[in-house]
file query_34.pdb (PDB, C-alpha atoms, pLDDT in the B column)
ATOM      1  CA  SER A   1       4.195 -14.311  -5.412  1.00 56.00           C
ATOM      2  CA  GLN A   2       3.173 -13.709  -1.848  1.00 61.00           C
ATOM      3  CA  GLN A   3       0.470 -11.226  -2.749  1.00 70.00           C
ATOM      4  CA  GLY A   4      -2.594 -11.495  -0.592  1.00 75.00           C
ATOM      5  CA  GLU A   5      -6.072 -11.738  -2.013  1.00 84.00           C
ATOM      6  CA  GLU A   6      -9.053 -10.161  -0.332  1.00 87.00           C
ATOM      7  CA  ASP A   7     -12.534 -11.516  -0.496  1.00 87.00           C
ATOM      8  CA  PRO A   8     -15.078 -10.238  -1.315  1.00 93.00           C
ATOM      9  CA  GLN A   9     -14.014  -7.596  -3.829  1.00 92.00           C
ATOM     10  CA  ALA A  10     -16.946  -5.449  -2.796  1.00 95.00           C
ATOM     11  CA  LEU A  11     -19.242  -5.427   0.230  1.00 96.00           C
ATOM     12  CA  SER A  12     -22.319  -3.294   0.777  1.00 97.00           C
ATOM     13  CA  ILE A  13     -24.050  -3.151   4.177  1.00 97.00           C
ATOM     14  CA  GLN A  14     -26.278  -0.944   6.321  1.00 97.00           C
ATOM     15  CA  GLU A  15     -25.039   1.115   9.251  1.00 97.00           C
ATOM     16  CA  GLY A  16     -24.966  -0.916  12.420  1.00 97.00           C
ATOM     17  CA  GLU A  17     -24.265  -4.200  10.684  1.00 97.00           C
ATOM     18  CA  ASN A  18     -20.967  -6.030  10.956  1.00 97.00           C
ATOM     19  CA  ALA A  19     -18.581  -6.226   8.005  1.00 97.00           C
ATOM     20  CA  THR A  20     -16.261  -9.177   7.498  1.00 97.00           C
ATOM     21  CA  MET A  21     -13.450  -9.226   4.986  1.00 97.00           C
ATOM     22  CA  ASN A  22     -11.108 -12.107   4.319  1.00 96.00           C
ATOM     23  CA  CYS A  23      -7.543 -12.349   3.099  1.00 95.00           C
ATOM     24  CA  SER A  24      -5.632 -15.357   1.836  1.00 95.00           C
ATOM     25  CA  TYR A  25      -1.922 -15.551   1.145  1.00 93.00           C
ATOM     26  CA  LYS A  26       0.499 -18.099  -0.218  1.00 90.00           C
ATOM     27  CA  THR A  27       3.681 -18.494   1.815  1.00 87.00           C
ATOM     28  CA  SER A  28       4.822 -18.248   5.412  1.00 88.00           C
ATOM     29  CA  ILE A  29       4.702 -14.868   7.111  1.00 88.00           C
ATOM     30  CA  ASN A  30       6.084 -13.030  10.106  1.00 87.00           C
ATOM     31  CA  ASN A  31       3.098 -10.708  10.272  1.00 89.00           C
ATOM     32  CA  LEU A  32      -0.025  -9.619   8.460  1.00 93.00           C
ATOM     33  CA  GLN A  33      -1.335  -6.074   8.388  1.00 94.00           C
ATOM     34  CA  TRP A  34      -4.616  -4.450   7.415  1.00 96.00           C
ATOM     35  CA  TYR A  35      -4.804  -1.026   5.852  1.00 97.00           C
ATOM     36  CA  ARG A  36      -7.656   1.282   4.951  1.00 97.00           C
ATOM     37  CA  GLN A  37      -7.862   3.706   2.041  1.00 97.00           C
ATOM     38  CA  ASN A  38     -10.454   6.413   1.792  1.00 96.00           C
ATOM     39  CA  SER A  39     -11.245   7.649  -1.686  1.00 93.00           C
ATOM     40  CA  GLY A  40      -8.487   9.910  -2.984  1.00 90.00           C
ATOM     41  CA  ARG A  41      -6.194   9.301  -0.038  1.00 93.00           C
ATOM     42  CA  GLY A  42      -3.183   7.203   0.875  1.00 94.00           C
ATOM     43  CA  LEU A  43      -3.392   3.950   2.775  1.00 96.00           C
ATOM     44  CA  VAL A  44      -3.605   4.110   6.550  1.00 96.00           C
ATOM     45  CA  HIS A  45      -2.461   1.309   8.817  1.00 95.00           C
ATOM     46  CA  LEU A  46      -5.197  -0.249  10.942  1.00 96.00           C
ATOM     47  CA  ILE A  47      -3.739  -3.231  12.734  1.00 95.00           C
ATOM     48  CA  LEU A  48      -0.854  -5.706  12.659  1.00 94.00           C
ATOM     49  CA  ILE A  49      -1.078  -9.318  13.766  1.00 95.00           C
ATOM     50  CA  ARG A  50       1.999 -11.471  14.198  1.00 93.00           C
ATOM     51  CA  SER A  51       2.247 -15.070  13.064  1.00 93.00           C
ATOM     52  CA  ASN A  52       2.176 -16.370  16.644  1.00 95.00           C
ATOM     53  CA  GLU A  53      -1.062 -14.501  17.381  1.00 96.00           C
ATOM     54  CA  ARG A  54      -4.511 -15.823  16.559  1.00 97.00           C
ATOM     55  CA  GLU A  55      -6.704 -12.842  17.309  1.00 97.00           C
ATOM     56  CA  LYS A  56      -6.289  -9.153  17.939  1.00 97.00           C
ATOM     57  CA  HIS A  57      -8.683  -6.349  18.772  1.00 96.00           C
ATOM     58  CA  SER A  58      -8.537  -2.613  18.272  1.00 95.00           C
ATOM     59  CA  GLY A  59     -11.685  -0.662  19.023  1.00 96.00           C
ATOM     60  CA  ARG A  60     -14.382  -1.932  16.667  1.00 97.00           C
ATOM     61  CA  LEU A  61     -11.856  -3.979  14.704  1.00 97.00           C
ATOM     62  CA  ARG A  62     -11.204  -7.661  15.260  1.00 98.00           C
ATOM     63  CA  VAL A  63      -8.560  -9.485  13.246  1.00 98.00           C
ATOM     64  CA  THR A  64      -8.015 -13.219  13.202  1.00 98.00           C
ATOM     65  CA  LEU A  65      -5.143 -15.159  11.708  1.00 97.00           C
ATOM     66  CA  ASP A  66      -5.038 -18.837  10.797  1.00 97.00           C
ATOM     67  CA  THR A  67      -1.539 -19.673   9.624  1.00 95.00           C
ATOM     68  CA  SER A  68      -2.473 -23.282   8.887  1.00 95.00           C
ATOM     69  CA  LYS A  69      -5.000 -22.046   6.330  1.00 95.00           C
ATOM     70  CA  LYS A  70      -2.922 -19.024   5.355  1.00 95.00           C
ATOM     71  CA  SER A  71      -5.872 -16.737   5.892  1.00 96.00           C
ATOM     72  CA  SER A  72      -6.958 -13.761   7.934  1.00 97.00           C
ATOM     73  CA  SER A  73     -10.213 -11.969   8.517  1.00 97.00           C
ATOM     74  CA  LEU A  74     -11.027  -8.402   9.460  1.00 98.00           C
ATOM     75  CA  LEU A  75     -14.293  -7.801  11.272  1.00 98.00           C
ATOM     76  CA  ILE A  76     -15.673  -4.294  11.712  1.00 98.00           C
ATOM     77  CA  THR A  77     -18.471  -4.289  14.246  1.00 97.00           C
ATOM     78  CA  ALA A  78     -21.362  -1.826  14.354  1.00 97.00           C
ATOM     79  CA  SER A  79     -20.309  -0.255  11.067  1.00 97.00           C
ATOM     80  CA  ARG A  80     -20.750   3.431  10.310  1.00 97.00           C
ATOM     81  CA  ALA A  81     -21.052   5.350   7.075  1.00 96.00           C
ATOM     82  CA  ALA A  82     -17.575   6.736   7.814  1.00 96.00           C
ATOM     83  CA  ASP A  83     -16.177   3.189   7.526  1.00 97.00           C
ATOM     84  CA  THR A  84     -16.811   3.338   3.780  1.00 98.00           C
ATOM     85  CA  ALA A  85     -13.399   2.755   2.229  1.00 97.00           C
ATOM     86  CA  SER A  86     -11.197   0.131   0.610  1.00 97.00           C
ATOM     87  CA  TYR A  87      -9.518  -2.324   2.939  1.00 97.00           C
ATOM     88  CA  PHE A  88      -6.249  -4.060   2.082  1.00 95.00           C
ATOM     89  CA  CYS A  89      -4.336  -6.857   3.684  1.00 94.00           C
ATOM     90  CA  ALA A  90      -0.556  -6.870   3.442  1.00 92.00           C
ATOM     91  CA  THR A  91       1.870  -9.643   4.232  1.00 90.00           C
ATOM     92  CA  ASP A  92       5.601  -9.863   4.499  1.00 85.00           C
ATOM     93  CA  ASP A  93       7.749 -12.668   3.165  1.00 77.00           C
ATOM     94  CA  PRO A  94      10.472 -13.793   5.553  1.00 72.00           C
ATOM     95  CA  ARG A  95      12.416 -15.537   2.836  1.00 70.00           C
ATOM     96  CA  GLY A  96      15.653 -14.125   1.541  1.00 60.00           C
ATOM     97  CA  SER A  97      15.890 -11.146  -0.752  1.00 59.00           C
ATOM     98  CA  THR A  98      12.453  -9.642  -0.226  1.00 63.00           C
ATOM     99  CA  LEU A  99      13.036  -8.689   3.379  1.00 65.00           C
ATOM    100  CA  GLY A 100      11.632  -5.249   4.035  1.00 71.00           C
ATOM    101  CA  ARG A 101       8.731  -5.204   1.625  1.00 81.00           C
ATOM    102  CA  LEU A 102       5.023  -5.862   2.049  1.00 86.00           C
ATOM    103  CA  TYR A 103       2.737  -7.562  -0.432  1.00 88.00           C
ATOM    104  CA  PHE A 104      -0.668  -5.904  -0.796  1.00 90.00           C
ATOM    105  CA  GLY A 105      -3.839  -7.480  -2.112  1.00 89.00           C
ATOM    106  CA  ARG A 106      -6.356  -5.873  -4.464  1.00 90.00           C
ATOM    107  CA  GLY A 107      -8.575  -4.764  -1.614  1.00 93.00           C
ATOM    108  CA  THR A 108     -12.206  -5.012  -0.559  1.00 95.00           C
ATOM    109  CA  GLN A 109     -14.384  -1.995  -1.283  1.00 96.00           C
ATOM    110  CA  LEU A 110     -16.723  -1.562   1.683  1.00 97.00           C
ATOM    111  CA  THR A 111     -19.772   0.669   1.356  1.00 97.00           C
ATOM    112  CA  VAL A 112     -21.815   1.376   4.470  1.00 97.00           C
ATOM    113  CA  TRP A 113     -25.210   2.927   3.812  1.00 96.00           C
ATOM    114  CA  PRO A 114     -26.745   5.271   6.384  1.00 92.00           C
TER     115      PRO A 114
ATOM    116  CA  ASP B   1       5.595  15.012  12.523  1.00 64.00           C
ATOM    117  CA  ALA B   2       4.092  16.081   9.198  1.00 82.00           C
ATOM    118  CA  GLY B   3       3.958  12.570   7.831  1.00 94.00           C
ATOM    119  CA  VAL B   4       5.161  11.540   4.406  1.00 97.00           C
ATOM    120  CA  ILE B   5       5.103  14.502   2.045  1.00 97.00           C
ATOM    121  CA  GLN B   6       4.632  14.148  -1.688  1.00 98.00           C
ATOM    122  CA  SER B   7       4.667  16.740  -4.407  1.00 97.00           C
ATOM    123  CA  PRO B   8       3.028  17.648  -6.616  1.00 97.00           C
ATOM    124  CA  ARG B   9      -0.401  16.365  -5.584  1.00 97.00           C
ATOM    125  CA  HIS B  10      -1.646  16.517  -9.138  1.00 97.00           C
ATOM    126  CA  GLU B  11       0.287  16.533 -12.377  1.00 97.00           C
ATOM    127  CA  VAL B  12      -1.110  16.798 -15.877  1.00 97.00           C
ATOM    128  CA  THR B  13       1.345  16.520 -18.698  1.00 97.00           C
ATOM    129  CA  GLU B  14       1.516  15.630 -22.341  1.00 97.00           C
ATOM    130  CA  MET B  15       2.882  12.437 -23.742  1.00 97.00           C
ATOM    131  CA  GLY B  16       6.642  12.573 -24.197  1.00 97.00           C
ATOM    132  CA  GLN B  17       7.273  15.029 -21.402  1.00 97.00           C
ATOM    133  CA  GLU B  18       9.477  14.303 -18.411  1.00 97.00           C
ATOM    134  CA  VAL B  19       7.701  13.945 -15.078  1.00 98.00           C
ATOM    135  CA  THR B  20       9.384  14.113 -11.679  1.00 98.00           C
ATOM    136  CA  LEU B  21       7.570  13.087  -8.525  1.00 98.00           C
ATOM    137  CA  ARG B  22       9.003  13.964  -5.125  1.00 98.00           C
ATOM    138  CA  CYS B  23       8.812  12.401  -1.698  1.00 98.00           C
ATOM    139  CA  LYS B  24       9.998  13.349   1.756  1.00 98.00           C
ATOM    140  CA  PRO B  25       9.778  10.399   4.146  1.00 96.00           C
ATOM    141  CA  ILE B  26       9.179  10.627   7.851  1.00 95.00           C
ATOM    142  CA  SER B  27      12.375  11.561   9.655  1.00 93.00           C
ATOM    143  CA  GLY B  28      14.170   8.536  11.064  1.00 90.00           C
ATOM    144  CA  HIS B  29      12.524   6.017   8.755  1.00 91.00           C
ATOM    145  CA  ASP B  30      15.054   3.742   7.073  1.00 89.00           C
ATOM    146  CA  TYR B  31      12.817   2.339   4.320  1.00 92.00           C
ATOM    147  CA  LEU B  32      11.158   4.214   1.476  1.00 95.00           C
ATOM    148  CA  PHE B  33       8.756   2.681  -1.023  1.00 95.00           C
ATOM    149  CA  TRP B  34       7.299   3.901  -4.311  1.00 97.00           C
ATOM    150  CA  TYR B  35       3.943   2.405  -5.352  1.00 97.00           C
ATOM    151  CA  ARG B  36       1.651   2.913  -8.310  1.00 96.00           C
ATOM    152  CA  GLN B  37      -2.111   2.385  -8.053  1.00 95.00           C
ATOM    153  CA  THR B  38      -4.528   1.907 -10.936  1.00 93.00           C
ATOM    154  CA  MET B  39      -7.969   0.391 -11.183  1.00 89.00           C
ATOM    155  CA  MET B  40      -6.707  -2.290 -13.513  1.00 88.00           C
ATOM    156  CA  ARG B  41      -3.589  -3.388 -11.661  1.00 88.00           C
ATOM    157  CA  GLY B  42      -4.251  -2.363  -8.081  1.00 89.00           C
ATOM    158  CA  LEU B  43      -1.333  -1.284  -5.876  1.00 92.00           C
ATOM    159  CA  GLU B  44       2.040  -2.167  -7.375  1.00 91.00           C
ATOM    160  CA  LEU B  45       5.401  -1.789  -5.692  1.00 93.00           C
ATOM    161  CA  LEU B  46       7.790  -0.084  -8.088  1.00 95.00           C
ATOM    162  CA  ILE B  47      10.979   0.184  -6.032  1.00 96.00           C
ATOM    163  CA  TYR B  48      12.100   0.431  -2.451  1.00 93.00           C
ATOM    164  CA  PHE B  49      15.151   1.762  -0.650  1.00 94.00           C
ATOM    165  CA  ASN B  50      16.830   0.896   2.625  1.00 91.00           C
ATOM    166  CA  ASN B  51      19.147   3.547   4.026  1.00 92.00           C
ATOM    167  CA  ASN B  52      19.077   5.322   0.647  1.00 94.00           C
ATOM    168  CA  VAL B  53      20.171   2.204  -1.252  1.00 94.00           C
ATOM    169  CA  PRO B  54      17.778   0.643  -3.798  1.00 94.00           C
ATOM    170  CA  ILE B  55      16.965  -2.880  -2.642  1.00 90.00           C
ATOM    171  CA  ASP B  56      14.463  -4.095  -5.209  1.00 89.00           C
ATOM    172  CA  ASP B  57      13.568  -2.314  -8.433  1.00 91.00           C
ATOM    173  CA  SER B  58      11.989  -5.290 -10.148  1.00 89.00           C
ATOM    174  CA  GLY B  59       8.638  -3.531 -10.175  1.00 90.00           C
ATOM    175  CA  MET B  60       9.851  -0.627 -12.271  1.00 94.00           C
ATOM    176  CA  PRO B  61       7.919  -1.048 -15.520  1.00 87.00           C
ATOM    177  CA  GLU B  62      10.676  -0.167 -17.949  1.00 84.00           C
ATOM    178  CA  ASP B  63      13.708   2.002 -18.548  1.00 90.00           C
ATOM    179  CA  ARG B  64      11.565   5.090 -18.791  1.00 95.00           C
ATOM    180  CA  PHE B  65      11.203   4.940 -15.007  1.00 97.00           C
ATOM    181  CA  SER B  66      14.030   5.810 -12.645  1.00 97.00           C
ATOM    182  CA  ALA B  67      14.188   6.540  -8.927  1.00 97.00           C
ATOM    183  CA  LYS B  68      16.813   8.096  -6.724  1.00 97.00           C
ATOM    184  CA  MET B  69      17.302   8.717  -3.055  1.00 97.00           C
ATOM    185  CA  PRO B  70      20.238  11.107  -2.703  1.00 96.00           C
ATOM    186  CA  ASN B  71      19.778  11.433   1.055  1.00 95.00           C
ATOM    187  CA  ALA B  72      17.621  10.161   3.889  1.00 94.00           C
ATOM    188  CA  SER B  73      15.061  12.921   3.540  1.00 95.00           C
ATOM    189  CA  PHE B  74      14.361  13.021  -0.173  1.00 96.00           C
ATOM    190  CA  SER B  75      13.512  10.725  -3.066  1.00 98.00           C
ATOM    191  CA  THR B  76      12.425  11.248  -6.651  1.00 98.00           C
ATOM    192  CA  LEU B  77      10.632   9.098  -9.188  1.00 98.00           C
ATOM    193  CA  LYS B  78      11.188  10.202 -12.745  1.00 98.00           C
ATOM    194  CA  ILE B  79       9.372   9.141 -15.899  1.00 97.00           C
ATOM    195  CA  GLN B  80      11.007  10.098 -19.171  1.00 97.00           C
ATOM    196  CA  PRO B  81       9.355  10.099 -21.647  1.00 96.00           C
ATOM    197  CA  SER B  82       5.885   9.810 -20.158  1.00 96.00           C
ATOM    198  CA  GLU B  83       3.097   7.876 -21.881  1.00 96.00           C
ATOM    199  CA  PRO B  84      -0.689   7.854 -21.362  1.00 97.00           C
ATOM    200  CA  ARG B  85      -0.500   4.389 -19.786  1.00 95.00           C
ATOM    201  CA  ASP B  86       1.603   5.888 -16.979  1.00 96.00           C
ATOM    202  CA  SER B  87      -1.498   7.712 -15.745  1.00 97.00           C
ATOM    203  CA  ALA B  88      -2.044   6.539 -12.178  1.00 97.00           C
ATOM    204  CA  VAL B  89      -1.759   7.589  -8.566  1.00 97.00           C
ATOM    205  CA  TYR B  90       1.797   7.271  -7.303  1.00 98.00           C
ATOM    206  CA  PHE B  91       2.321   6.773  -3.583  1.00 98.00           C
ATOM    207  CA  CYS B  92       5.413   7.072  -1.494  1.00 97.00           C
ATOM    208  CA  ALA B  93       5.570   5.296   1.861  1.00 95.00           C
ATOM    209  CA  SER B  94       8.155   5.013   4.598  1.00 94.00           C
ATOM    210  CA  THR B  95       8.696   2.760   7.568  1.00 90.00           C
ATOM    211  CA  PRO B  96      11.223   2.622  10.376  1.00 84.00           C
ATOM    212  CA  ALA B  97      12.080  -1.034  10.148  1.00 72.00           C
ATOM    213  CA  GLY B  98      10.857  -2.721   7.002  1.00 58.00           C
ATOM    214  CA  SER B  99       8.199  -5.344   6.879  1.00 55.00           C
ATOM    215  CA  THR B 100       8.048  -5.761  10.633  1.00 66.00           C
ATOM    216  CA  ASP B 101       6.527  -2.340  10.990  1.00 74.00           C
ATOM    217  CA  THR B 102       3.753  -0.114   9.781  1.00 87.00           C
ATOM    218  CA  GLN B 103       4.130   1.630   6.437  1.00 91.00           C
ATOM    219  CA  TYR B 104       3.146   5.287   6.437  1.00 94.00           C
ATOM    220  CA  PHE B 105       1.779   6.451   3.131  1.00 96.00           C
ATOM    221  CA  GLY B 106       1.861   9.889   1.629  1.00 97.00           C
ATOM    222  CA  PRO B 107      -1.237  11.452   0.063  1.00 96.00           C
ATOM    223  CA  GLY B 108      -0.162  10.414  -3.433  1.00 97.00           C
ATOM    224  CA  THR B 109       0.442  12.190  -6.712  1.00 98.00           C
ATOM    225  CA  ARG B 110      -2.285  11.824  -9.303  1.00 97.00           C
ATOM    226  CA  LEU B 111      -0.559  11.760 -12.682  1.00 98.00           C
ATOM    227  CA  THR B 112      -2.452  12.251 -15.906  1.00 98.00           C
ATOM    228  CA  VAL B 113      -0.571  11.904 -19.165  1.00 97.00           C
ATOM    229  CA  LEU B 114      -2.532  13.179 -22.154  1.00 96.00           C
TER     230      LEU B 114
END

call {"tool": "encode", "arguments": {"input": "query_34.pdb", "output": "structure tokens"}}
result
Amino acid sequence: SQQGEEDPQALSIQEGENATMNCSYKTSINNLQWYRQNSGRGLVHLILIRSNEREKHSGRLRVTLDTSKKSSSLLITASRAADTASYFCATDDPRGSTLGRLYFGRGTQLTVWP
Amino acid sequence: DAGVIQSPRHEVTEMGQEVTLRCKPISGHDYLFWYRQTMMRGLELLIYFNNNVPIDDSGMPEDRFSAKMPNASFSTLKIQPSEPRDSAVYFCASTPAGSTDTQYFGPGTRLTVL
């Protein structure tokens, strides 16, 4: 399946440090998205990067995409305690019958200590 | 816009009972997705609709699960009869244009089957 896999499964850092999470996937994509989930809440979209893009920024977020390695990374700079959440990557699959759906990974649990 | 609305937010029921979860997508969104999230299995796609038509229900665990979308503003996920292993958080999400766009998640329904 196309399901992405995040690495690491869990990450624990101090406020002010940078947090880097990685995602690998298996087949070609049109785009890759990152989502965030606070405890007890639904997922919230953070950023989308298209297959012809290599890097994208949004505030303290920086996403890179390497289609040759089928991998992406999400960097959160100057982390805050409020960044504590689970982070998921999601990919599409441009082939045939699965058009319309996203494939989510298992997520990285980020804990930022004050 | 109020976002994706799900009801109930919490449901506790006894094994064998029928459970109906409800979702109102964001107005104008053509795609609606039902997910289930557990610690063991992560986020699983159960079924998704495009313009009220089920596109892929391969994630529905078994015949006890059924989903309908009678119109563009309402969908239900029904479990009959419910079993303890169905305990999970069920999310509904909608998107305007499928996998090329952001998915907007509802707050989820936490289901506990005793």

call {"tool": "resolve_selection", "arguments": {"input": "query_34.pdb", "expression": "the PyMOL selection byres ((chain B) within 12 of (chain A))", "output": "ChimeraX atom specification"}}
result
/B:3-6,9-10,30-51,54-59,88-110

call {"tool": "atom_distance", "arguments": {"input": "query_34.pdb", "atom1": "atom CA of B:Asp86", "atom2": "atom CA of A:Leu110"}}
result
27.2 Å

call {"tool": "resolve_selection", "arguments": {"input": "query_34.pdb", "expression": "the PyMOL selection byres ((chain A and resi 72) around 6)", "output": "PDB file with C-alpha atoms, keeping the file's coordinate frame"}}
result
ATOM      1  CA  ASN A  22     -11.108 -12.107   4.319  1.00 96.00           C
ATOM      2  CA  CYS A  23      -7.543 -12.349   3.099  1.00 95.00           C
ATOM      3  CA  THR A  64      -8.015 -13.219  13.202  1.00 98.00           C
ATOM      4  CA  LEU A  65      -5.143 -15.159  11.708  1.00 97.00           C
ATOM      5  CA  SER A  71      -5.872 -16.737   5.892  1.00 96.00           C
ATOM      6  CA  SER A  73     -10.213 -11.969   8.517  1.00 97.00           C
TER       7      SER A  73
END

call {"tool": "residues_around", "arguments": {"input": "query_34.pdb", "residues": "A:Ala78", "least_positions_apart": "2", "cutoff": "10 Å", "atoms": "all atoms listed in the file", "output": "list in words"}}
result
Gln14, Glu15, Gly16, Glu17, Asn18, Ala19, Arg60, Leu61, Leu75, Ile76, Arg80 and Asp83 of chain A

call {"tool": "closest_residue", "arguments": {"input": "query_34.pdb", "among": "A:Thr77, A:Ser28, A:Thr108, A:Asn38", "to": "A:Cys89", "atoms": "all atoms listed in the file"}}
result
A:Thr108

call {"tool": "residues_around", "arguments": {"input": "query_34.pdb", "residues": "B:Glu14", "least_positions_apart": "3", "cutoff": "7 Å", "atoms": "only C-alpha atoms", "output": "PDB file with C-alpha atoms, in the frame of the given file"}}
result
ATOM      1  CA  GLN B  17       7.273  15.029 -21.402  1.00 97.00           C
ATOM      2  CA  VAL B 113      -0.571  11.904 -19.165  1.00 97.00           C
ATOM      3  CA  LEU B 114      -2.532  13.179 -22.154  1.00 96.00           C
TER       4      LEU B 114
END

call {"tool": "build_atoms", "arguments": {"input": "query_34.pdb", "residues": "stretch 61-75 of chain A", "atoms": "N, CA, C and O atoms", "output": "PDB file, in the coordinates of the input"}}
result
ATOM      1  N   LEU A  61     -12.508  -3.051  15.621  1.00 97.00           N
ATOM      2  CA  LEU A  61     -11.856  -3.979  14.704  1.00 97.00           C
ATOM      3  C   LEU A  61     -11.443  -5.251  15.427  1.00 97.00           C
ATOM      4  O   LEU A  61     -10.940  -5.207  16.544  1.00 97.00           O
ATOM      5  N   ARG A  62     -11.684  -6.371  14.754  1.00 98.00           N
ATOM      6  CA  ARG A  62     -11.204  -7.661  15.260  1.00 98.00           C
ATOM      7  C   ARG A  62     -10.543  -8.383  14.091  1.00 98.00           C
ATOM      8  O   ARG A  62     -11.156  -8.562  13.038  1.00 98.00           O
ATOM      9  N   VAL A  63      -9.302  -8.770  14.276  1.00 98.00           N
ATOM     10  CA  VAL A  63      -8.560  -9.485  13.246  1.00 98.00           C
ATOM     11  C   VAL A  63      -8.239 -10.886  13.756  1.00 98.00           C
ATOM     12  O   VAL A  63      -7.838 -11.047  14.910  1.00 98.00           O
ATOM     13  N   THR A  64      -8.424 -11.865  12.892  1.00 98.00           N
ATOM     14  CA  THR A  64      -8.015 -13.219  13.202  1.00 98.00           C
ATOM     15  C   THR A  64      -6.984 -13.670  12.177  1.00 98.00           C
ATOM     16  O   THR A  64      -6.940 -13.166  11.054  1.00 98.00           O
ATOM     17  N   LEU A  65      -6.166 -14.606  12.586  1.00 97.00           N
ATOM     18  CA  LEU A  65      -5.143 -15.159  11.708  1.00 97.00           C
ATOM     19  C   LEU A  65      -5.087 -16.661  11.895  1.00 97.00           C
ATOM     20  O   LEU A  65      -4.982 -17.141  13.031  1.00 97.00           O
ATOM     21  N   ASP A  66      -5.161 -17.377  10.792  1.00 97.00           N
ATOM     22  CA  ASP A  66      -5.038 -18.837  10.797  1.00 97.00           C
ATOM     23  C   ASP A  66      -3.880 -19.186   9.868  1.00 97.00           C
ATOM     24  O   ASP A  66      -4.047 -19.242   8.652  1.00 97.00           O
ATOM     25  N   THR A  67      -2.718 -19.415  10.453  1.00 95.00           N
ATOM     26  CA  THR A  67      -1.539 -19.673   9.624  1.00 95.00           C
ATOM     27  C   THR A  67      -1.600 -21.035   8.946  1.00 95.00           C
ATOM     28  O   THR A  67      -0.972 -21.231   7.907  1.00 95.00           O
ATOM     29  N   SER A  68      -2.362 -21.958   9.525  1.00 95.00           N
ATOM     30  CA  SER A  68      -2.473 -23.282   8.887  1.00 95.00           C
ATOM     31  C   SER A  68      -3.267 -23.183   7.587  1.00 95.00           C
ATOM     32  O   SER A  68      -3.002 -23.920   6.638  1.00 95.00           O
ATOM     33  N   LYS A  69      -4.210 -22.257   7.541  1.00 95.00           N
ATOM     34  CA  LYS A  69      -5.000 -22.046   6.330  1.00 95.00           C
ATOM     35  C   LYS A  69      -4.492 -20.869   5.517  1.00 95.00           C
ATOM     36  O   LYS A  69      -5.026 -20.573   4.447  1.00 95.00           O
ATOM     37  N   LYS A  70      -3.472 -20.200   6.034  1.00 95.00           N
ATOM     38  CA  LYS A  70      -2.922 -19.024   5.355  1.00 95.00           C
ATOM     39  C   LYS A  70      -4.044 -18.032   5.046  1.00 95.00           C
ATOM     40  O   LYS A  70      -4.236 -17.610   3.895  1.00 95.00           O
ATOM     41  N   SER A  71      -4.762 -17.668   6.090  1.00 96.00           N
ATOM     42  CA  SER A  71      -5.872 -16.737   5.892  1.00 96.00           C
ATOM     43  C   SER A  71      -6.055 -15.864   7.120  1.00 96.00           C
ATOM     44  O   SER A  71      -5.655 -16.214   8.236  1.00 96.00           O
ATOM     45  N   SER A  72      -6.664 -14.722   6.875  1.00 97.00           N
ATOM     46  CA  SER A  72      -6.958 -13.761   7.934  1.00 97.00           C
ATOM     47  C   SER A  72      -8.324 -13.158   7.663  1.00 97.00           C
ATOM     48  O   SER A  72      -8.783 -13.110   6.517  1.00 97.00           O
ATOM     49  N   SER A  73      -8.962 -12.694   8.710  1.00 97.00           N
ATOM     50  CA  SER A  73     -10.213 -11.969   8.517  1.00 97.00           C
ATOM     51  C   SER A  73     -10.189 -10.684   9.326  1.00 97.00           C
ATOM     52  O   SER A  73      -9.571 -10.602  10.376  1.00 97.00           O
ATOM     53  N   LEU A  74     -10.854  -9.689   8.788  1.00 98.00           N
ATOM     54  CA  LEU A  74     -11.027  -8.402   9.460  1.00 98.00           C
ATOM     55  C   LEU A  74     -12.516  -8.195   9.679  1.00 98.00           C
ATOM     56  O   LEU A  74     -13.294  -8.212   8.721  1.00 98.00           O
ATOM     57  N   LEU A  75     -12.897  -8.043  10.919  1.00 98.00           N
ATOM     58  CA  LEU A  75     -14.293  -7.801  11.272  1.00 98.00           C
ATOM     59  C   LEU A  75     -14.420  -6.378  11.797  1.00 98.00           C
ATOM     60  O   LEU A  75     -13.681  -5.977  12.701  1.00 98.00           O
TER      61      LEU A  75
END
